[in-house]
file query35.cif (mmCIF, C-alpha atoms)
data_run
#
loop_
_atom_site.group_PDB
_atom_site.id
_atom_site.type_symbol
_atom_site.label_atom_id
_atom_site.label_comp_id
_atom_site.auth_asym_id
_atom_site.auth_seq_id
_atom_site.Cartn_x
_atom_site.Cartn_y
_atom_site.Cartn_z
ATOM 1 C CA MET A 10 -16.823 -57.740 -12.033
ATOM 2 C CA ASN A 11 -13.471 -59.341 -11.328
ATOM 3 C CA GLY A 12 -12.082 -58.033 -14.601
ATOM 4 C CA ARG A 13 -13.042 -54.467 -13.691
ATOM 5 C CA ARG A 14 -11.397 -54.884 -10.285
ATOM 6 C CA THR A 15 -8.183 -56.084 -11.901
ATOM 7 C CA ILE A 16 -8.145 -53.102 -14.290
ATOM 8 C CA VAL A 17 -8.612 -50.630 -11.396
ATOM 9 C CA LEU A 18 -5.868 -52.347 -9.413
ATOM 10 C CA LEU A 19 -3.563 -52.236 -12.428
ATOM 11 C CA PHE A 20 -4.233 -48.510 -12.894
ATOM 12 C CA MET A 21 -3.512 -47.853 -9.217
ATOM 13 C CA ALA A 22 -0.290 -49.850 -9.393
ATOM 14 C CA CYS A 23 0.811 -47.923 -12.514
ATOM 15 C CA GLY A 24 0.042 -44.620 -10.776
ATOM 16 C CA ALA A 25 2.016 -45.615 -7.688
ATOM 17 C CA LEU A 26 4.924 -46.695 -9.858
ATOM 18 C CA LEU A 27 4.953 -43.398 -11.761
ATOM 19 C CA LEU A 28 4.814 -41.466 -8.486
ATOM 20 C CA ALA A 29 7.665 -43.504 -7.038
ATOM 21 C CA VAL A 30 9.796 -42.916 -10.148
ATOM 22 C CA ALA A 31 9.103 -39.164 -10.044
ATOM 23 C CA MET A 32 9.989 -38.941 -6.358
ATOM 24 C CA PHE A 33 13.099 -41.064 -6.805
ATOM 25 C CA ARG A 34 14.319 -38.718 -9.543
ATOM 26 C CA GLN A 35 13.732 -35.587 -7.468
ATOM 27 C CA THR A 36 15.391 -36.689 -4.227
ATOM 28 C CA PRO A 37 19.168 -36.913 -4.362
ATOM 29 C CA ARG A 38 20.568 -40.331 -3.566
ATOM 30 C CA PRO A 39 22.011 -40.337 -0.084
ATOM 31 C CA SER A 40 25.702 -40.965 -0.080
ATOM 32 C CA VAL A 41 28.578 -40.008 2.192
ATOM 33 C CA SER A 42 30.216 -37.737 -0.390
ATOM 34 C CA TYR A 43 26.930 -35.842 -1.027
ATOM 35 C CA ALA A 44 26.366 -35.320 2.692
ATOM 36 C CA VAL A 45 29.877 -33.945 3.115
ATOM 37 C CA GLN A 46 29.468 -31.673 0.103
ATOM 38 C CA GLU A 47 26.129 -30.385 1.383
ATOM 39 C CA GLU A 48 27.526 -29.598 4.825
ATOM 40 C CA ALA A 49 30.426 -27.747 3.302
ATOM 41 C CA ALA A 50 28.232 -25.828 0.869
ATOM 42 C CA ALA A 51 25.632 -24.606 3.396
ATOM 43 C CA PRO A 52 27.823 -22.195 5.431
ATOM 44 C CA ALA A 53 29.515 -20.957 2.259
ATOM 45 C CA ALA A 54 26.159 -20.045 0.702
ATOM 46 C CA GLN A 55 25.081 -18.331 3.911
ATOM 47 C CA GLU A 56 28.300 -16.313 4.026
ATOM 48 C CA GLU A 57 27.805 -15.296 0.414
ATOM 49 C CA LYS A 58 24.272 -14.123 1.153
ATOM 50 C CA THR A 59 25.321 -11.980 4.124
ATOM 51 C CA LYS A 60 28.168 -10.531 2.057
ATOM 52 C CA GLU A 61 25.737 -9.604 -0.700
ATOM 53 C CA ALA A 62 23.406 -7.946 1.808
ATOM 54 C CA GLU A 63 26.294 -5.938 3.254
ATOM 55 C CA GLU A 64 27.541 -4.914 -0.163
ATOM 56 C CA GLU A 65 24.148 -3.586 -1.287
ATOM 57 C CA GLU A 66 24.181 0.152 -1.094
ATOM 58 C CA TRP A 67 21.197 1.931 0.356
ATOM 59 C CA PRO A 68 20.747 5.634 -0.147
ATOM 60 C CA GLU A 69 21.120 8.126 2.644
ATOM 61 C CA TRP A 70 17.580 8.188 4.033
ATOM 62 C CA THR A 71 18.152 11.001 6.490
ATOM 63 C CA ASP A 72 18.238 14.030 4.222
ATOM 64 C CA PRO A 73 14.746 14.984 3.005
ATOM 65 C CA LYS A 74 14.229 17.127 -0.096
ATOM 66 C CA ASP A 75 11.268 18.538 -2.068
ATOM 67 C CA LYS A 76 10.841 19.016 -5.801
ATOM 68 C CA ILE A 77 8.104 20.133 -8.210
ATOM 69 C CA VAL A 78 7.493 17.815 -11.164
ATOM 70 C CA PRO A 79 4.733 17.406 -13.778
ATOM 71 C CA ILE A 80 1.838 15.142 -12.853
ATOM 72 C CA PHE A 81 -0.368 13.186 -15.220
ATOM 73 C CA SER A 82 -3.619 11.889 -13.735
ATOM 74 C CA ILE A 83 -5.911 9.315 -15.225
ATOM 75 C CA GLY A 84 -8.945 7.666 -13.708
ATOM 76 C CA THR A 85 -12.688 7.851 -13.158
ATOM 77 C CA PRO A 86 -13.032 11.676 -13.222
ATOM 78 C CA GLY A 87 -11.001 12.004 -16.434
ATOM 79 C CA VAL A 88 -7.555 13.038 -17.608
ATOM 80 C CA ARG A 89 -5.756 15.842 -15.807
ATOM 81 C CA ILE A 90 -2.333 17.420 -16.065
ATOM 82 C CA GLY A 91 -0.513 19.662 -13.623
ATOM 83 C CA ALA A 92 2.322 19.962 -11.144
ATOM 84 C CA ALA A 93 3.067 17.956 -8.008
ATOM 85 C CA GLN A 94 5.424 18.402 -5.109
ATOM 86 C CA VAL A 95 7.337 15.224 -4.299
ATOM 87 C CA THR A 96 9.301 14.592 -1.127
ATOM 88 C CA GLY A 97 11.687 11.941 0.161
ATOM 89 C CA PRO A 98 15.421 11.248 0.511
ATOM 90 C CA ALA A 99 17.465 13.792 -1.507
ATOM 91 C CA GLU A 100 19.194 11.157 -3.643
ATOM 92 C CA ARG A 101 15.879 9.674 -4.702
ATOM 93 C CA VAL A 102 13.998 12.935 -5.196
ATOM 94 C CA GLU A 103 16.617 14.072 -7.730
ATOM 95 C CA LYS A 104 15.778 11.071 -9.915
ATOM 96 C CA VAL A 105 12.059 11.888 -10.131
ATOM 97 C CA LYS A 106 11.015 13.421 -13.471
ATOM 98 C CA SER A 107 7.233 13.018 -13.308
ATOM 99 C CA VAL A 108 4.355 11.572 -11.294
ATOM 100 C CA VAL A 109 1.584 9.371 -12.620
ATOM 101 C CA GLN A 110 -1.639 9.440 -10.622
ATOM 102 C CA ILE A 111 -4.212 6.684 -10.976
ATOM 103 C CA ASP A 112 -7.535 7.381 -9.290
ATOM 104 C CA ALA A 113 -10.961 5.858 -9.016
ATOM 105 C CA ARG A 114 -14.147 7.252 -7.487
ATOM 106 C CA PHE A 115 -17.046 5.024 -6.587
ATOM 107 C CA LYS A 116 -20.268 7.078 -6.785
ATOM 108 C CA LYS A 117 -18.851 9.724 -4.444
ATOM 109 C CA ALA A 118 -18.938 7.153 -1.609
ATOM 110 C CA ALA A 119 -15.300 6.139 -1.749
ATOM 111 C CA GLN A 120 -12.158 7.091 -3.637
ATOM 112 C CA VAL A 121 -8.779 5.498 -4.290
ATOM 113 C CA TYR A 122 -5.620 7.383 -5.311
ATOM 114 C CA ILE A 123 -2.262 5.918 -6.235
ATOM 115 C CA TYR A 124 0.747 8.151 -6.883
ATOM 116 C CA VAL A 125 3.659 6.683 -8.834
ATOM 117 C CA PRO A 126 6.776 8.892 -8.967
ATOM 118 C CA SER A 127 8.625 8.045 -12.173
ATOM 119 C CA SER A 128 12.183 8.619 -13.382
ATOM 120 C CA GLU A 129 10.948 9.081 -16.950
ATOM 121 C CA LEU A 130 8.768 11.798 -18.450
ATOM 122 C CA ASP A 131 7.123 9.556 -21.020
ATOM 123 C CA GLY A 132 7.031 6.289 -19.115
ATOM 124 C CA MET A 133 6.484 4.728 -15.736
ATOM 125 C CA ASN A 134 9.735 3.714 -14.057
ATOM 126 C CA ARG A 135 8.968 3.900 -10.349
ATOM 127 C CA VAL A 136 11.333 5.730 -8.011
ATOM 128 C CA GLN A 137 11.059 4.110 -4.614
ATOM 129 C CA GLY A 138 10.940 5.958 -1.316
ATOM 130 C CA VAL A 139 9.432 9.131 -2.800
ATOM 131 C CA ALA A 140 5.851 10.340 -2.402
ATOM 132 C CA VAL A 141 3.564 13.292 -3.109
ATOM 133 C CA THR A 142 2.685 16.075 -0.666
ATOM 134 C CA ALA A 143 0.736 18.514 -2.840
ATOM 135 C CA LEU A 144 -0.578 18.880 -6.368
ATOM 136 C CA LEU A 145 -2.318 21.331 -8.641
ATOM 137 C CA ASP A 146 -3.939 20.138 -11.853
ATOM 138 C CA TYR A 147 -6.150 21.100 -14.779
ATOM 139 C CA LYS A 148 -8.862 18.856 -16.183
ATOM 140 C CA LEU A 149 -8.241 18.116 -19.869
ATOM 141 C CA MET A 150 -10.836 15.479 -20.535
ATOM 142 C CA ARG A 151 -13.840 14.061 -18.719
ATOM 143 C CA PHE A 152 -14.942 10.443 -19.044
ATOM 144 C CA MET B 2 -4.924 -21.303 15.396
ATOM 145 C CA LYS B 3 -6.589 -19.511 18.323
ATOM 146 C CA LYS B 4 -4.902 -16.272 17.300
ATOM 147 C CA PHE B 5 -6.088 -16.743 13.738
ATOM 148 C CA MET B 6 -9.679 -17.336 14.883
ATOM 149 C CA LEU B 7 -9.525 -14.238 17.080
ATOM 150 C CA ARG B 8 -8.191 -12.223 14.138
ATOM 151 C CA MET B 9 -10.945 -13.491 11.876
ATOM 152 C CA LEU B 10 -13.571 -12.641 14.496
ATOM 153 C CA LEU B 11 -12.131 -9.146 14.863
ATOM 154 C CA THR B 12 -12.119 -8.674 11.084
ATOM 155 C CA MET B 13 -15.756 -9.752 10.835
ATOM 156 C CA LEU B 14 -16.710 -7.427 13.690
ATOM 157 C CA MET B 15 -14.981 -4.501 12.014
ATOM 158 C CA ALA B 16 -16.574 -5.312 8.680
ATOM 159 C CA ALA B 17 -19.964 -5.363 10.419
ATOM 160 C CA ILE B 18 -19.279 -1.986 12.062
ATOM 161 C CA LEU B 19 -18.182 -0.513 8.714
ATOM 162 C CA PHE B 20 -21.151 -1.985 6.887
ATOM 163 C CA SER B 21 -23.614 -0.717 9.484
ATOM 164 C CA GLY B 22 -21.966 2.695 9.228
ATOM 165 C CA VAL B 23 -22.344 2.723 5.451
ATOM 166 C CA VAL B 24 -25.979 1.543 5.663
ATOM 167 C CA ALA B 25 -26.878 4.011 8.399
ATOM 168 C CA GLY B 26 -25.129 6.780 6.434
ATOM 169 C CA GLY B 27 -27.158 5.865 3.351
ATOM 170 C CA PHE B 28 -30.485 5.837 5.188
ATOM 171 C CA PHE B 29 -30.065 9.048 7.117
ATOM 172 C CA THR B 30 -28.391 11.223 4.459
ATOM 173 C CA ARG B 31 -29.487 14.855 4.510
ATOM 174 C CA PRO B 32 -28.483 17.615 2.050
ATOM 175 C CA ALA B 33 -26.475 19.560 4.633
ATOM 176 C CA LYS B 34 -25.529 17.631 7.680
ATOM 177 C CA ALA B 35 -23.264 17.402 10.659
ATOM 178 C CA LEU B 36 -21.755 14.118 11.813
ATOM 179 C CA ASP B 37 -24.526 11.597 12.470
ATOM 180 C CA LEU B 38 -24.483 8.099 13.934
ATOM 181 C CA GLY B 39 -23.610 6.492 10.606
ATOM 182 C CA ASP B 40 -20.665 8.820 10.122
ATOM 183 C CA LEU B 41 -19.419 8.222 13.643
ATOM 184 C CA LEU B 42 -19.618 4.469 13.125
ATOM 185 C CA LYS B 43 -17.825 4.793 9.809
ATOM 186 C CA LEU B 44 -15.153 7.007 11.362
ATOM 187 C CA GLY B 45 -14.635 4.642 14.305
ATOM 188 C CA GLY B 46 -14.615 1.571 12.070
ATOM 189 C CA VAL B 47 -12.057 3.030 9.680
ATOM 190 C CA LEU B 48 -9.799 4.180 12.516
ATOM 191 C CA LEU B 49 -10.035 0.759 14.151
ATOM 192 C CA VAL B 50 -9.285 -1.071 10.908
ATOM 193 C CA VAL B 51 -6.326 1.190 10.093
ATOM 194 C CA SER B 52 -4.807 0.955 13.560
ATOM 195 C CA THR B 53 -5.289 -2.829 13.776
ATOM 196 C CA PHE B 54 -4.431 -3.885 10.245
ATOM 197 C CA GLY B 55 -2.135 -0.997 9.263
ATOM 198 C CA LYS B 56 0.906 -3.267 8.901
ATOM 199 C CA ASP B 57 -0.985 -5.807 6.793
ATOM 200 C CA ILE B 58 -2.435 -3.088 4.568
ATOM 201 C CA ASN B 59 1.058 -1.619 4.185
ATOM 202 C CA LYS B 60 2.504 -4.999 3.177
ATOM 203 C CA PHE B 61 -0.326 -5.487 0.696
ATOM 204 C CA ILE B 62 0.224 -2.063 -0.894
ATOM 205 C CA ASN B 63 3.995 -2.576 -1.071
ATOM 206 C CA ASN B 64 3.575 -5.970 -2.707
ATOM 207 C CA THR B 65 0.919 -4.727 -5.115
ATOM 208 C CA LEU B 66 2.822 -1.609 -6.171
ATOM 209 C CA GLY B 67 6.215 -3.355 -6.212
ATOM 210 C CA GLN B 68 7.752 -1.144 -3.527
ATOM 211 C CA ASN B 69 10.291 -3.772 -2.467
ATOM 212 C CA GLU B 70 13.038 -1.419 -1.433
ATOM 213 C CA VAL B 71 10.751 0.646 0.755
ATOM 214 C CA LYS B 72 9.493 -2.559 2.352
ATOM 215 C CA ARG B 73 13.020 -3.598 3.232
ATOM 216 C CA VAL B 74 14.166 -0.252 4.562
ATOM 217 C CA GLY B 75 10.960 0.260 6.518
ATOM 218 C CA ALA B 76 10.181 3.655 5.085
ATOM 219 C CA SER B 77 6.459 3.194 4.594
ATOM 220 C CA LYS B 78 3.491 3.080 6.920
ATOM 221 C CA VAL B 79 -0.313 3.139 6.762
ATOM 222 C CA VAL B 80 -2.033 5.868 8.810
ATOM 223 C CA PRO B 81 -5.544 7.371 8.930
ATOM 224 C CA ILE B 82 -6.289 10.239 6.534
ATOM 225 C CA PHE B 83 -8.899 12.987 6.957
ATOM 226 C CA SER B 84 -9.800 14.920 3.818
ATOM 227 C CA VAL B 85 -11.888 18.068 3.606
ATOM 228 C CA GLY B 86 -12.844 20.323 0.744
ATOM 229 C CA GLN B 87 -15.139 18.429 -1.608
ATOM 230 C CA GLY B 88 -16.976 16.731 1.237
ATOM 231 C CA ALA B 89 -15.389 15.041 4.218
ATOM 232 C CA TYR B 90 -13.571 11.764 3.751
ATOM 233 C CA VAL B 91 -11.871 9.381 6.159
ATOM 234 C CA GLY B 92 -9.666 6.459 5.219
ATOM 235 C CA ALA B 93 -6.197 4.980 5.054
ATOM 236 C CA ALA B 94 -3.119 6.525 3.474
ATOM 237 C CA GLN B 95 0.279 4.997 2.863
ATOM 238 C CA VAL B 96 3.020 7.438 3.779
ATOM 239 C CA VAL B 97 6.499 7.036 2.286
ATOM 240 C CA GLY B 98 9.726 8.903 2.951
ATOM 241 C CA VAL B 99 12.634 9.154 5.344
ATOM 242 C CA PRO B 100 12.256 6.219 7.811
ATOM 243 C CA LYS B 101 12.826 8.323 10.922
ATOM 244 C CA GLN B 102 10.124 10.770 9.852
ATOM 245 C CA VAL B 103 7.760 8.006 8.730
ATOM 246 C CA LYS B 104 7.899 6.573 12.261
ATOM 247 C CA LEU B 105 6.810 9.955 13.633
ATOM 248 C CA THR B 106 3.791 10.212 11.328
ATOM 249 C CA GLN B 107 0.471 9.385 13.007
ATOM 250 C CA ALA B 108 -2.096 10.745 10.573
ATOM 251 C CA VAL B 109 -2.514 12.729 7.365
ATOM 252 C CA ALA B 110 -4.736 15.777 6.882
ATOM 253 C CA ALA B 111 -5.672 16.593 3.281
ATOM 254 C CA VAL B 112 -7.362 19.628 1.759
ATOM 255 C CA ASN B 113 -8.970 19.414 -1.693
ATOM 256 C CA ILE B 114 -9.951 22.527 -3.598
ATOM 257 C CA THR B 115 -11.694 22.640 -6.983
ATOM 258 C CA ALA B 116 -12.496 25.715 -9.083
ATOM 259 C CA GLY B 117 -13.920 24.871 -12.485
ATOM 260 C CA ASN B 118 -11.416 22.686 -14.286
ATOM 261 C CA LEU B 119 -8.660 23.538 -11.840
ATOM 262 C CA GLY B 120 -8.075 21.312 -8.831
ATOM 263 C CA GLY B 121 -5.600 21.218 -5.991
ATOM 264 C CA THR B 122 -4.709 18.924 -3.125
ATOM 265 C CA ALA B 123 -2.414 19.555 -0.192
ATOM 266 C CA MET B 124 -1.487 16.720 2.144
ATOM 267 C CA PHE B 125 -0.010 17.253 5.568
ATOM 268 C CA PRO B 126 1.529 14.281 7.374
ATOM 269 C CA LEU B 127 1.012 14.948 11.091
ATOM 270 C CA SER B 128 2.699 13.680 14.218
ATOM 271 C CA THR B 129 -0.581 13.565 16.141
ATOM 272 C CA LYS B 130 -3.940 11.859 15.675
ATOM 273 C CA LYS B 131 -5.873 14.552 17.551
ATOM 274 C CA PRO B 132 -6.789 17.361 15.166
ATOM 275 C CA GLY B 133 -6.482 20.883 16.485
ATOM 276 C CA LYS B 134 -4.413 19.892 19.496
ATOM 277 C CA ASN B 135 -0.896 20.097 18.156
ATOM 278 C CA LEU B 136 -0.671 20.121 14.368
ATOM 279 C CA ASP B 137 2.991 19.277 13.892
ATOM 280 C CA LYS B 138 3.723 18.743 10.209
ATOM 281 C CA VAL B 139 6.265 16.015 9.520
ATOM 282 C CA SER B 140 8.722 16.919 6.758
ATOM 283 C CA GLY B 141 10.319 14.422 4.367
ATOM 284 C CA VAL B 142 7.179 12.303 4.222
ATOM 285 C CA GLY B 143 4.612 12.122 1.442
ATOM 286 C CA VAL B 144 1.583 10.098 0.439
ATOM 287 C CA ALA B 145 1.871 7.207 -2.019
ATOM 288 C CA ALA B 146 -1.643 5.738 -1.915
ATOM 289 C CA VAL B 147 -5.030 6.684 -0.440
ATOM 290 C CA VAL B 148 -8.268 4.755 0.088
ATOM 291 C CA ASP B 149 -11.062 6.737 1.731
ATOM 292 C CA LEU B 150 -14.797 6.773 2.391
ATOM 293 C CA ARG B 151 -17.105 9.766 2.272
ATOM 294 C CA LEU B 152 -18.674 10.863 5.557
#

call {"tool": "encode", "arguments": {"input": "query35.cif", "output": "structure tokens"}}
result
Amino acid sequence: MNGRRTIVLLFMACGALLLAVAMFRQTPRPSVSYAVQEEAAAPAAQEEKTKEAEEEEWPEWTDPKDKIVPIFSIGTPGVRIGAAQVTGPAERVEKVKSVVQIDARFKKAAQVYIYVPSSELDGMNRVQGVAVTALLDYKLMRF
Amino acid sequence: MKKFMLRMLLTMLMAAILFSGVVAGGFFTRPAKALDLGDLLKLGGVLLVVSTFGKDINKFINNTLGQNEVKRVGASKVVPIFSVGQGAYVGAAQVVGVPKQVKLTQAVAAVNITAGNLGGTAMFPLSTKKPGKNLDKVSGVGVAAVVDLRL
């Protein structure tokens, strides 16, 4: 009984030691030079971040434009192909080459549609800020 | 904590309303029908869920579809959608576009038409929730995702 107790205690001590070593390695040792460095580095990093945010260029989101592009639909009803009208900021709409539609119907009780405007005809490279307003399609295949 | 509990309670209540709507709709389905109690409950439940949790649904869709830029610029929103054509549907739609116009959008009306293998859908983002009152179409806004239930 005593032997078992000793083994458990030894295991617990080993575990605590390992934990202490791991924690000691992760936390930087407090020293005056580190504290000074950290204080100096914090505002610099913040300034850099704000600079980056300012430098990022956002498109002109005030000028809406429409465009007709091919649409490829795949989902529960089958595969369809057609044309879709996309709308959004002019700069973004120009990039759109096609739309991929993913849809699912659940026994006519509910339906889910997702429209992904893409900058490629044969791939899916999403163009953000653009969406679909109308579409016309032809059913090619039924699942 | 209190706010969280209240939110949870509200969610459960809405789920119950929606579920009862679906069940009632299933029990009282007729071949040709006008809006019955089940439909009204479903309609009310969906509208309540969309208006209460619209922002959360929007965040979820943006995160799921990787629309990070739209999320940052604030050019997306979740609004109720009413679809007619192949049956009547009500649900939630994520509208995306010019931020100023997205703010104006209150609802989306959709019309689905099918003729043989040909199909068409037109979606109209509107600046009002009351159909027939003042159907002002909002330009520069489109639909990125739709989830809806049949009435």

call {"tool": "interface_residues", "arguments": {"input": "query35.cif", "of": "chain A", "to": "chain B", "cutoff": "6 Å", "atoms": "only C-alpha atoms", "output": "PyMOL selection string"}}
result
chain A and resi 70-71+73+96-98+118-124+138-148

call {"tool": "write_last_selection", "arguments": {"input": "query35.cif", "atoms": "C-alpha atoms", "output": "PDB file, in the coordinates of the input"}}
result
ATOM      1  CA  TRP A  70      17.580   8.188   4.033  1.00  0.00           C
ATOM      2  CA  THR A  71      18.152  11.001   6.490  1.00  0.00           C
ATOM      3  CA  PRO A  73      14.746  14.984   3.005  1.00  0.00           C
ATOM      4  CA  THR A  96       9.301  14.592  -1.127  1.00  0.00           C
ATOM      5  CA  GLY A  97      11.687  11.941   0.161  1.00  0.00           C
ATOM      6  CA  PRO A  98      15.421  11.248   0.511  1.00  0.00           C
ATOM      7  CA  ALA A 118     -18.938   7.153  -1.609  1.00  0.00           C
ATOM      8  CA  ALA A 119     -15.300   6.139  -1.749  1.00  0.00           C
ATOM      9  CA  GLN A 120     -12.158   7.091  -3.637  1.00  0.00           C
ATOM     10  CA  VAL A 121      -8.779   5.498  -4.290  1.00  0.00           C
ATOM     11  CA  TYR A 122      -5.620   7.383  -5.311  1.00  0.00           C
ATOM     12  CA  ILE A 123      -2.262   5.918  -6.235  1.00  0.00           C
ATOM     13  CA  TYR A 124       0.747   8.151  -6.883  1.00  0.00           C
ATOM     14  CA  GLY A 138      10.940   5.958  -1.316  1.00  0.00           C
ATOM     15  CA  VAL A 139       9.432   9.131  -2.800  1.00  0.00           C
ATOM     16  CA  ALA A 140       5.851  10.340  -2.402  1.00  0.00           C
ATOM     17  CA  VAL A 141       3.564  13.292  -3.109  1.00  0.00           C
ATOM     18  CA  THR A 142       2.685  16.075  -0.666  1.00  0.00           C
ATOM     19  CA  ALA A 143       0.736  18.514  -2.840  1.00  0.00           C
ATOM     20  CA  LEU A 144      -0.578  18.880  -6.368  1.00  0.00           C
ATOM     21  CA  LEU A 145      -2.318  21.331  -8.641  1.00  0.00           C
ATOM     22  CA  ASP A 146      -3.939  20.138 -11.853  1.00  0.00           C
ATOM     23  CA  TYR A 147      -6.150  21.100 -14.779  1.00  0.00           C
ATOM     24  CA  LYS A 148      -8.862  18.856 -16.183  1.00  0.00           C
TER      25      LYS A 148
END

call {"tool": "atom_distance", "arguments": {"input": "query35.cif", "atom1": "atom CA of A:Arg151", "atom2": "atom CA of A:Val136"}}
result
28.6 Å

call {"tool": "atom_distance", "arguments": {"input": "query35.cif", "atom1": "atom CA of A:Ile83", "atom2": "atom CA of A:Arg135"}}
result
16.6 Å

call {"tool": "resolve_selection", "arguments": {"input": "query35.cif", "expression": "the PyMOL selection byres ((chain B and resi 59) around 8)", "output": "list in words"}}
result
Gly55, Lys56, Asp57, Ile58, Lys60, Phe61, Ile62, Asn63, Ser77, Lys78, Val79 and Gln95 of chain B

call {"tool": "atom_distance", "arguments": {"input": "query35.cif", "atom1": "atom CA of A:Val109", "atom2": "atom CA of B:Val103"}}
result
22.3 Å

call {"tool": "resolve_selection", "arguments": {"input": "query35.cif", "expression": "the PyMOL selection byres ((chain A and resi 88) around 10)", "output": "compact mmCIF listing (two decimals) with C-alpha atoms, keeping the file's coordinate frame"}}
result
# COMPACT_ATOMS: atom_id res chain seq x y z
CA PHE A 81 -0.37 13.19 -15.22
CA SER A 82 -3.62 11.89 -13.74
CA ILE A 83 -5.91 9.32 -15.22
CA GLY A 84 -8.94 7.67 -13.71
CA THR A 85 -12.69 7.85 -13.16
CA PRO A 86 -13.03 11.68 -13.22
CA GLY A 87 -11.00 12.00 -16.43
CA ARG A 89 -5.76 15.84 -15.81
CA ILE A 90 -2.33 17.42 -16.07
CA GLN A 110 -1.64 9.44 -10.62
CA ILE A 111 -4.21 6.68 -10.98
CA ASP A 146 -3.94 20.14 -11.85
CA TYR A 147 -6.15 21.10 -14.78
CA LYS A 148 -8.86 18.86 -16.18
CA LEU A 149 -8.24 18.12 -19.87
CA MET A 150 -10.84 15.48 -20.54
CA ARG A 151 -13.84 14.06 -18.72
CA PHE A 152 -14.94 10.44 -19.04

call {"tool": "resolve_selection", "arguments": {"input": "query35.cif", "expression": "the PyMOL selection byres ((chain A and resi 103) around 12)", "output": "mmCIF file with C-alpha atoms, in the frame of the given file"}}
result
data_model
loop_
_atom_site.group_PDB
_atom_site.id
_atom_site.type_symbol
_atom_site.label_atom_id
_atom_site.label_comp_id
_atom_site.auth_asym_id
_atom_site.auth_seq_id
_atom_site.Cartn_x
_atom_site.Cartn_y
_atom_site.Cartn_z
ATOM 1 C CA PRO A 73 14.746 14.984 3.005
ATOM 2 C CA LYS A 74 14.229 17.127 -0.096
ATOM 3 C CA ASP A 75 11.268 18.538 -2.068
ATOM 4 C CA LYS A 76 10.841 19.016 -5.801
ATOM 5 C CA ILE A 77 8.104 20.133 -8.210
ATOM 6 C CA VAL A 78 7.493 17.815 -11.164
ATOM 7 C CA VAL A 95 7.337 15.224 -4.299
ATOM 8 C CA THR A 96 9.301 14.592 -1.127
ATOM 9 C CA GLY A 97 11.687 11.941 0.161
ATOM 10 C CA PRO A 98 15.421 11.248 0.511
ATOM 11 C CA ALA A 99 17.465 13.792 -1.507
ATOM 12 C CA GLU A 100 19.194 11.157 -3.643
ATOM 13 C CA ARG A 101 15.879 9.674 -4.702
ATOM 14 C CA VAL A 102 13.998 12.935 -5.196
ATOM 15 C CA LYS A 104 15.778 11.071 -9.915
ATOM 16 C CA VAL A 105 12.059 11.888 -10.131
ATOM 17 C CA LYS A 106 11.015 13.421 -13.471
ATOM 18 C CA SER A 107 7.233 13.018 -13.308
ATOM 19 C CA PRO A 126 6.776 8.892 -8.967
ATOM 20 C CA SER A 127 8.625 8.045 -12.173
ATOM 21 C CA SER A 128 12.183 8.619 -13.382
ATOM 22 C CA GLU A 129 10.948 9.081 -16.950
ATOM 23 C CA VAL A 136 11.333 5.730 -8.011
ATOM 24 C CA GLN A 137 11.059 4.110 -4.614
ATOM 25 C CA GLY A 138 10.940 5.958 -1.316
ATOM 26 C CA VAL A 139 9.432 9.131 -2.800
#

call {"tool": "closest_residue", "arguments": {"input": "query35.cif", "among": "A:Met133, A:Val108, A:Ala113, A:Val125", "to": "A:Ala93", "atoms": "only C-alpha atoms"}}
result
A:Val108

call {"tool": "axis_aligned_box", "arguments": {"input": "query35.cif", "around": "stretch 92-105 of chain B", "padding_each_side": "4 Å", "output": "lines of an AutoDock Vina configuration file"}}
result
center_x = 1.6
center_y = 7.9
center_z = 8.0
size_x = 30.5
size_y = 13.8
size_z = 19.3

call {"tool": "decode", "arguments": {"input": "query35.cif", "residues": "stretch 117-125 of chain B", "atoms": "N, CA and C atoms", "output": "PDB file, in the first residue's frame"}}
result
ATOM      1  N   GLY B 117     -40.085  24.266 -68.467  1.00  0.00           N
ATOM      2  CA  GLY B 117     -39.324  23.109 -68.941  1.00  0.00           C
ATOM      3  C   GLY B 117     -37.949  23.076 -68.291  1.00  0.00           C
ATOM      4  N   ASN B 118     -36.928  23.053 -69.130  1.00  0.00           N
ATOM      5  CA  ASN B 118     -35.559  23.039 -68.611  1.00  0.00           C
ATOM      6  C   ASN B 118     -35.013  24.439 -68.364  1.00  0.00           C
ATOM      7  N   LEU B 119     -35.765  25.432 -68.793  1.00  0.00           N
ATOM      8  CA  LEU B 119     -35.322  26.814 -68.602  1.00  0.00           C
ATOM      9  C   LEU B 119     -35.789  27.351 -67.252  1.00  0.00           C
ATOM     10  N   GLY B 120     -34.947  28.106 -66.598  1.00  0.00           N
ATOM     11  CA  GLY B 120     -35.335  28.682 -65.306  1.00  0.00           C
ATOM     12  C   GLY B 120     -34.785  30.094 -65.179  1.00  0.00           C
ATOM     13  N   GLY B 121     -35.490  30.913 -64.441  1.00  0.00           N
ATOM     14  CA  GLY B 121     -35.018  32.285 -64.251  1.00  0.00           C
ATOM     15  C   GLY B 121     -35.352  32.799 -62.870  1.00  0.00           C
ATOM     16  N   THR B 122     -34.482  33.636 -62.350  1.00  0.00           N
ATOM     17  CA  THR B 122     -34.711  34.249 -61.039  1.00  0.00           C
ATOM     18  C   THR B 122     -34.352  35.722 -61.115  1.00  0.00           C
ATOM     19  N   ALA B 123     -35.233  36.550 -60.590  1.00  0.00           N
ATOM     20  CA  ALA B 123     -34.933  37.980 -60.495  1.00  0.00           C
ATOM     21  C   ALA B 123     -35.054  38.375 -59.029  1.00  0.00           C
ATOM     22  N   MET B 124     -34.045  39.067 -58.532  1.00  0.00           N
ATOM     23  CA  MET B 124     -34.057  39.467 -57.123  1.00  0.00           C
ATOM     24  C   MET B 124     -34.021  40.984 -57.009  1.00  0.00           C
ATOM     25  N   PHE B 125     -34.939  41.495 -56.212  1.00  0.00           N
ATOM     26  CA  PHE B 125     -35.049  42.945 -56.068  1.00  0.00           C
ATOM     27  C   PHE B 125     -34.790  43.360 -54.621  1.00  0.00           C
TER      28      PHE B 125
END
